[in-house]
Structure formats: structure tokens, C-alpha cells
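> Got a structure for you, questions after.
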Amino acid sequence: MSRYWSDVVGRLTPYVPGEQPRLDKLVKLNTNELPYPPSPRVLEAIAAVSADTLRRYPDPESTELRQAFADRNALRPEQVFVGNGSDEVLAHVFLALLKHDKPLLFPDITYSFYPVWCDLYRVRWRTVPLTADFRVDPEDYRGDNGAIIIPNPNAPTGILLGLASVRQLLEQNPDSVVVIDEAYIDFGGESATKLIPEFDNLLVVQTMSKSWALAGLRVGVAMGSQALIDGLQRVKNSFNSYPLDALAQHAAVAALGDEAYFEHACGRVIASRERLSAAMVKLGFEVLPSAANFILARHPDRAARDLFSALRARGIIVRYFDKPRIDEHLRISIGTDEQCDELLGALGELLGPVS
Ligand SMILES: *Cc1c(COP(=O)(O)O)cnc(C)c1O
């Protein structure tokens with residue numbers, strides 16, 4: 001606390017991201033980064049940026065990048081908004097589209113940044129419990145609400161909501177903005193972007209941080225009806241006219257041009273996820289069915305907190321959330337098969353022979 005702070009700052013409880021340890025040689029399975037590099041075209045595009053490009057301000061509208069997202073999703077560029085990572089896009093979404101008299105709804109177990117933005121922007125909110133088996137049931141999102149936001153697949157459960165259920169949410173709530181946060185959709189889900197022409201209350205948010213292996217570049221995108229995108233543009237242009245630097249714009253366009261590389265990398269992660277999940281089940285873990293690049297798992301006889309610490313002591317970093325309903329689980333990002341094997345080896349030693 002400082003007497004120089006505003007009231008708002010004193011009251012905030014900021015989001016705490018997974019740690020980025022400086023040590024090399026760690027098996028880092030805690031922040032859902034891709035274990036593979038981005039397409040080689042990305043570094044080529046960055047190397048090709050001229051000094052003059054850096055001297056000037058970047059394109060404030062990210063015209064080429066929005067066109068590339070529009071082309072990829074059969075939309076018009078006016079239906080695409082980009083920002084400095086999807087966290088920034090989402091922050092603008094909370095202020096522009098989710099702040100109403102009636103409460104914003106989101107699951108009780110979900111991306112823990114949502115309540116932080118609610119605090120920052122004074123958005124009314126109410127959580128809706130996931131079912132006992134950690135699923136989103138669209139029936140629970142009927143009735144009075146100002147807006148709805150759901151990650152699909154959900155984080156940190158990894159569980160996918162089918163497109164028919166997303167459609168049901170939209171049909172049930174024609175007067176509310178429904179935001180689907182698709183940070184992990186490329187690891188086995190079907191994007192709701194194809195519903196955009198039918199529903200002007202649908203906003204789909206995606207990121208290049210996970211499936212495109214570009215967490216360090218900071219590129220996020222929102223897609224929806226032009227009315228929703230115009231609302232976001234108004235906030236962006238009242239906040240920072242140049243959220244994406246020139247390197248990010250060029251590199252992201254180059255990445256989107258290499259769909260084959262992207263598909264291949266996602267395919268490898270999916271295969272490793274299925275292999276890791278099966279091996280964890282053999283070790284006695286209960287593993288939620290994941291359509292993301294991480295799994296959420298619990299061992300019936302071992303405290304998750306203890307496993308987390310013991311893995312850490314062996315140089316393997318996973319994520320532990322000290323929160324109701326998931327404080328007996330570990331969230332494990334899918335690494336390379338070699339990294340998964342190191343994890344499995346360590347867990348095997350920690351748990352001893354399976355009886
Ligand atoms: C990782 C993540 C984001 C944010 O990603 P950026 O790196 O800011 O683009 C948003 N939503 C969910 C659910 C995430 O897991």
C-alpha cells in the first residue's frame with residue numbers, strides 16, 4: 001500500500017502468471033507454451049524488417065494481419081480485432097462488451113484472469129458451477145445475465161464444449177454478448193468462428209501464444225460481428241493506437257501463411273497428449289479428457305501439492321492451483337515426448353511400484 005496509489009490500485013488482486021524460471025535444463029510444463037519453435041518463416045519475416053520500418057510507427061490498424069485472419073476464417077477484416085496478446089484483447093472486451101447492469105457469467109473453474117479484469121473495470125459477475133464431472137452445461141446459463149464468457153476448451157480442465165452446445169448458449173441468450181475464449185481450440189476442437197455469420201452476439205477470441213508457438217510475440221485476435229468489433233476499436237483507440245509493433249505484425253502474417261507447419265505441430269502435441277494421458281492413467285492418476293495442450297490430473301492417494309513440490313525439486317515444473325475443487329489436481333502442459341517421459345519417470349519414482 002502506498003499513499004500515492006489510487007483507490008482502484010489499492011483494491012486490485014492482480015493475476016499471477018506461471019513462473020518463467022531463468023534456469024536452463026528445467027522441464028517446463030507449467031504455462032502451456034508449445035514445445036516446438038514457430039514456423040521458420042517467422043524468423044525470416046523478422047530478419048527482413050528494415051531499419052526504416054522500425055523508425056516509423058507501425059500500421060495502427062494492423063491491416064495485413066487482420067486481412068490474414070479474415071481470409072483464414074471466411075470473414076471480412078471489419079470483423080477482426082487484434083491486440084498485444086489475447087490478454088489485452090480480453091481486457092478491452094471486458095470494458096467494451098461485458099460491463100452491464102446484469103452480471104457477467106463464467107464458470108467457477110476457469111481462466112483466473114476473468115475476475116481480475118472484473119475488479120479492474122468494476123464489472124458485475126457471477127460464477128456458474130461446472131457439473132460434478134467438470135463440464136459446462138449450457139442449461140446452467142439460462143436466465144438473467146449481462147453477458148457470458150467461457151473458454152473452449154475450458155482452462156484448466158481442458159474439457160471441450162461441442163459446437164452444438166455453443167450454439168445452444170447463443171440461442172438461449174440473444175440479448176447477451178457471448179464470448180468464447182478459444183486459446184486452445186486448435187488442439188482438437190471445432191472453432192465457433194463458423195457461427196459468426198449467424199449470431200451477431202458472438203465474439204470468438206483466439207491467441208497465437210499456444211498453437212502457433214508465439215507466446216513471446218504477443219498476438220491475440222477477436223472475431224465477431226462488425227458492431228462488436230467497432231466497440232473494441234473504440235476502446236483500443238482510447239488506450240493505445242499501436243498495440244502491435246511492426247515485428248509482431250509481419251511475423252504473425254508469416255506464421256499464418258504456413259498452415260502446414262501449424263497443423264503438423266498441433267498434431268504432434270495431440271499425439272503426445274494422448275500418450276501422456278494413457279501413461280498417467282497406468283500410474284493411477286485420474287486424467288480429465290483434454291482437448292487442449294495440457295491435462296488436469298489427480299492421484300487418489302497423493303496430495304497434489306506434495307507431488308508439485310517433489311517434481312519441482314527434480315527440475316520439472318507443472319502448475320498447481322490452490323483453489324477449491326482443483327486443489328487436488330496438477331495441470332501439466334504437453335511437452336515433447338522426451339519431456340513427457342522425464343515427467344513419467346519422476347512420477348514413477350515418487351509413487352513407487354503400482355500395486
Ligand atoms: C493463455 C490464455 C490466454 C492469453 O493468452 P495470450 O498469451 O495473452 O494471448 C487467454 N485465455 C486463456 C484461457 C488462456 O489460457
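Ordering of the C-alpha cells sets the chain letters (A, B, ...), residue numbers begin anew at 1 in every chain, and ligands are numbered from 1 in the order given.
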Step by step, measure atom-to-atom distances between ligand 1 and each residue using only C-alpha atoms and all ligand atoms, keep those at most 10 Å, then write them as JSON, numbers by chain.
{"A": [17, 31, 32, 33, 83, 84, 85, 86, 87, 88, 89, 90, 91, 110, 111, 112, 113, 114, 150, 151, 152, 153, 154, 155, 156, 158, 180, 181, 182, 183, 184, 205, 206, 207, 208, 209, 210, 214, 215, 216, 217, 218, 219, 220, 221, 292, 293]}
> Mind listing the alpha helix (DSSP H) residues of range 3-99 of chain A, per DSSP on the backbone, as a PyMOL selection string?
chain A and resi 7-11+40-47+51-55+63-72+86-97
> Taking N, CA and C atoms for each residue, export the selection above as a tab-separated table (two decimals), in the first residue's frame.

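Result written to result31.tsv:
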chain	number	residue	atom	x	y	z
A	7	ASP	N	-7.41	4.68	-5.34
A	7	ASP	CA	-8.28	3.71	-4.68
A	7	ASP	C	-8.31	2.40	-5.43
A	8	VAL	N	-8.45	2.52	-6.76
A	8	VAL	CA	-8.59	1.32	-7.60
A	8	VAL	C	-7.38	0.41	-7.40
A	9	VAL	N	-6.18	0.97	-7.47
A	9	VAL	CA	-4.96	0.16	-7.38
A	9	VAL	C	-4.86	-0.55	-6.04
A	10	GLY	N	-5.21	0.11	-5.00
A	10	GLY	CA	-5.14	-0.49	-3.67
A	10	GLY	C	-6.03	-1.71	-3.53
A	11	ARG	N	-7.14	-1.70	-4.25
A	11	ARG	CA	-8.12	-2.79	-4.12
A	11	ARG	C	-7.86	-3.97	-5.03
A	40	PRO	N	9.65	-21.59	-39.47
A	40	PRO	CA	10.88	-20.86	-39.84
A	40	PRO	C	10.58	-19.54	-40.56
A	41	ARG	N	9.40	-19.46	-41.19
A	41	ARG	CA	9.04	-18.22	-41.90
A	41	ARG	C	8.93	-17.02	-40.95
A	42	VAL	N	8.70	-17.30	-39.66
A	42	VAL	CA	8.55	-16.22	-38.68
A	42	VAL	C	9.87	-15.47	-38.52
A	43	LEU	N	10.95	-16.23	-38.29
A	43	LEU	CA	12.25	-15.56	-38.11
A	43	LEU	C	12.71	-14.90	-39.41
A	44	GLU	N	12.38	-15.52	-40.55
A	44	GLU	CA	12.72	-14.89	-41.84
A	44	GLU	C	12.02	-13.54	-41.95
A	45	ALA	N	10.76	-13.49	-41.58
A	45	ALA	CA	9.99	-12.24	-41.69
A	45	ALA	C	10.57	-11.17	-40.76
A	46	ILE	N	11.00	-11.59	-39.58
A	46	ILE	CA	11.56	-10.62	-38.64
A	46	ILE	C	12.90	-10.10	-39.16
A	47	ALA	N	13.70	-11.01	-39.74
A	47	ALA	CA	15.01	-10.60	-40.27
A	47	ALA	C	14.84	-9.64	-41.44
A	51	ALA	N	15.33	-1.12	-41.21
A	51	ALA	CA	15.53	-0.07	-40.20
A	51	ALA	C	14.46	1.01	-40.34
A	52	ASP	N	14.08	1.28	-41.58
A	52	ASP	CA	13.09	2.32	-41.81
A	52	ASP	C	11.73	1.93	-41.21
A	53	THR	N	11.43	0.63	-41.31
A	53	THR	CA	10.18	0.14	-40.72
A	53	THR	C	10.21	0.35	-39.21
A	54	LEU	N	11.37	0.15	-38.60
A	54	LEU	CA	11.46	0.33	-37.15
A	54	LEU	C	11.45	1.81	-36.77
A	55	ARG	N	11.96	2.66	-37.67
A	55	ARG	CA	11.99	4.10	-37.39
A	55	ARG	C	10.58	4.67	-37.31
A	63	THR	N	-3.47	-3.77	-40.74
A	63	THR	CA	-4.33	-4.09	-41.88
A	63	THR	C	-4.06	-5.48	-42.47
A	64	GLU	N	-2.77	-5.76	-42.72
A	64	GLU	CA	-2.44	-7.05	-43.36
A	64	GLU	C	-2.78	-8.22	-42.45
A	65	LEU	N	-2.49	-8.05	-41.18
A	65	LEU	CA	-2.74	-9.15	-40.23
A	65	LEU	C	-4.24	-9.41	-40.09
A	66	ARG	N	-5.02	-8.36	-40.01
A	66	ARG	CA	-6.47	-8.56	-39.90
A	66	ARG	C	-7.01	-9.22	-41.16
A	67	GLN	N	-6.47	-8.82	-42.32
A	67	GLN	CA	-6.87	-9.46	-43.58
A	67	GLN	C	-6.54	-10.96	-43.54
A	68	ALA	N	-5.35	-11.27	-43.01
A	68	ALA	CA	-4.93	-12.69	-42.97
A	68	ALA	C	-5.87	-13.50	-42.07
A	69	PHE	N	-6.23	-12.96	-40.92
A	69	PHE	CA	-7.18	-13.67	-40.05
A	69	PHE	C	-8.55	-13.76	-40.72
A	70	ALA	N	-8.95	-12.67	-41.39
A	70	ALA	CA	-10.25	-12.68	-42.08
A	70	ALA	C	-10.28	-13.77	-43.15
A	71	ASP	N	-9.22	-13.85	-43.95
A	71	ASP	CA	-9.16	-14.87	-45.02
A	71	ASP	C	-9.24	-16.27	-44.43
A	72	ARG	N	-8.50	-16.49	-43.35
A	72	ARG	CA	-8.43	-17.82	-42.76
A	72	ARG	C	-9.78	-18.26	-42.18
A	86	SER	N	-3.84	-12.09	-26.39
A	86	SER	CA	-5.29	-12.11	-26.18
A	86	SER	C	-5.64	-11.59	-24.80
A	87	ASP	N	-4.68	-11.55	-23.87
A	87	ASP	CA	-4.97	-10.93	-22.58
A	87	ASP	C	-5.35	-9.46	-22.77
A	88	GLU	N	-4.65	-8.76	-23.66
A	88	GLU	CA	-5.03	-7.36	-23.90
A	88	GLU	C	-6.37	-7.28	-24.63
A	89	VAL	N	-6.56	-8.17	-25.60
A	89	VAL	CA	-7.84	-8.20	-26.31
A	89	VAL	C	-8.97	-8.42	-25.30
A	90	LEU	N	-8.79	-9.40	-24.41
A	90	LEU	CA	-9.83	-9.70	-23.42
A	90	LEU	C	-10.06	-8.52	-22.47
A	91	ALA	N	-9.01	-7.85	-22.07
A	91	ALA	CA	-9.18	-6.68	-21.19
A	91	ALA	C	-10.10	-5.67	-21.87
A	92	HIS	N	-9.87	-5.41	-23.16
A	92	HIS	CA	-10.75	-4.48	-23.89
A	92	HIS	C	-12.17	-5.03	-24.00
A	93	VAL	N	-12.28	-6.35	-24.16
A	93	VAL	CA	-13.61	-6.98	-24.26
A	93	VAL	C	-14.38	-6.76	-22.96
A	94	PHE	N	-13.71	-6.93	-21.82
A	94	PHE	CA	-14.41	-6.75	-20.54
A	94	PHE	C	-14.97	-5.34	-20.42
A	95	LEU	N	-14.17	-4.35	-20.80
A	95	LEU	CA	-14.63	-2.96	-20.67
A	95	LEU	C	-15.68	-2.62	-21.73
A	96	ALA	N	-15.45	-3.06	-22.96
A	96	ALA	CA	-16.31	-2.62	-24.08
A	96	ALA	C	-17.61	-3.40	-24.16
A	97	LEU	N	-17.59	-4.69	-23.80
A	97	LEU	CA	-18.74	-5.54	-24.14
A	97	LEU	C	-19.33	-6.33	-22.96
> Val177 in chain A: which residues within 10 Å, counting only C-alpha atoms, same-chain residues fewer than 3 positions away excluded, as a PyMOL selection string?
chain A and resi 97-98+104+145-149+170+173-174+180+199-203+228
> Write the residues of the selection above to a file with C-alpha atoms, as a compact mmCIF listing (two decimals), in the first residue's frame.

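File produced: selection37.txt:
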# COMPACT_ATOMS: atom_id res chain seq x y z
CA LEU A 97 -18.74 -5.54 -24.14
CA LEU A 98 -19.09 -7.31 -20.78
CA LEU A 104 -21.40 -11.39 -16.38
CA ASN A 145 -27.31 -12.12 -17.32
CA GLY A 146 -25.48 -9.19 -18.86
CA ALA A 147 -23.02 -11.33 -20.82
CA ILE A 148 -21.25 -14.72 -20.80
CA ILE A 149 -17.60 -15.70 -21.22
CA LEU A 170 -26.11 -18.32 -28.25
CA ASN A 173 -29.04 -15.63 -24.81
CA PRO A 174 -29.85 -13.47 -27.86
CA ILE A 180 -15.84 -17.93 -26.49
CA PHE A 199 -25.04 -14.70 -34.44
CA ASP A 200 -24.21 -11.02 -34.07
CA ASN A 201 -23.82 -11.51 -30.28
CA LEU A 202 -20.92 -13.99 -30.67
CA LEU A 203 -17.32 -12.94 -30.12
CA LEU A 228 -18.83 -5.89 -31.56
> Residues at most 12 Å from Pro289 in chain A, counting only C-alpha atoms, excluding those fewer than 6 positions away in the same chain, as a list in words?
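Counting only C-alpha atoms, the residues come to Asp133, Phe134, Arg135, Pro153, Asn154, Pro156, Thr157, Gly158, Ile159, Leu160, Leu161, Gly188, Arg273, Glu274, Leu276, Ser277, Ala278, Val281, Ile295, Leu296 and Ala297 of chain A.
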> So which one's closest to Arg298 in chain A, A:Leu330, A:Ala260, A:Leu343, A:Leu130? Using only C-alpha atoms, please.
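Ranked by minimum distance to Arg298 in chain A, first place goes to A:Leu330.
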> Which one of A:Arg325, A:Val128, A:Leu307, A:Leu105 sits closest to Leu351 in chain A if you count only C-alpha atoms?
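The shortest atom-to-atom distance to Leu351 in chain A comes from A:Leu307.
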> Run DSSP on the backbone of this structure and report the residues of range 86-310 of chain A it assigns to strand (DSSP E), as an MDAnalysis selection string.
chainID A and resid 104:107 125:128 147:151 177:181 202:207 220:224 286:287 294:298
> For Ile316 in chain A, which of A:Arg3, A:Arg76, A:Arg302, A:Lys25 is the closest residue, counting only C-alpha atoms?
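Nearest candidate to Ile316 in chain A out of A:Arg3, A:Arg76, A:Arg302, A:Lys25: A:Lys25.
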> Please compute the CA of Leu344 in chain A-CA of Val27 in chain A distance, one decimal, in Å.
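These two atoms are separated by 11.8 Å.
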> Using only C-alpha atoms, pick whichever of A:Ala192, A:Val49, A:Cys340, A:Leu34 has the shortest atom-to-atom distance to Trp212 in chain A.
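With only C-alpha atoms as the atom set, the closest residue is A:Leu34.
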> What lies within 9 Å of Ile229 in chain A using only C-alpha atoms, ignoring chain neighbours under 2 positions off, as a compact mmCIF listing (two decimals) with C-alpha atoms, in the first residue's frame?

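Output saved as result17.txt:
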# COMPACT_ATOMS: atom_id res chain seq x y z
CA GLU A 78 -14.02 -5.31 -40.26
CA GLN A 79 -14.99 -8.42 -38.29
CA VAL A 80 -11.45 -8.86 -36.92
CA PHE A 81 -9.75 -7.10 -33.99
CA LEU A 203 -17.32 -12.94 -30.12
CA ALA A 222 -11.14 -11.31 -31.59
CA MET A 223 -13.63 -12.11 -34.34
CA GLY A 224 -17.32 -11.28 -34.47
CA SER A 225 -19.97 -9.03 -35.95
CA GLN A 226 -18.84 -5.59 -37.02
CA ALA A 227 -20.83 -3.98 -34.19
CA GLY A 231 -16.88 -1.40 -29.82
CA LEU A 232 -13.44 -2.91 -29.28
CA GLN A 233 -11.84 -0.44 -31.72
CA ARG A 234 -13.28 2.44 -29.72
> Rank A:Pro353, A:Leu195, A:Asp24, A:Asp186 by their smallest atom-to-atom distance to Glu259 in chain A, using only C-alpha atoms, and report the top residue only.
A:Asp186
> Interatomic distance between CA of Glu328 in chain A and CA of Pro300 in chain A?
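So the two atoms, CA of Glu328 in chain A and CA of Pro300 in chain A, lie 8.6 Å apart.
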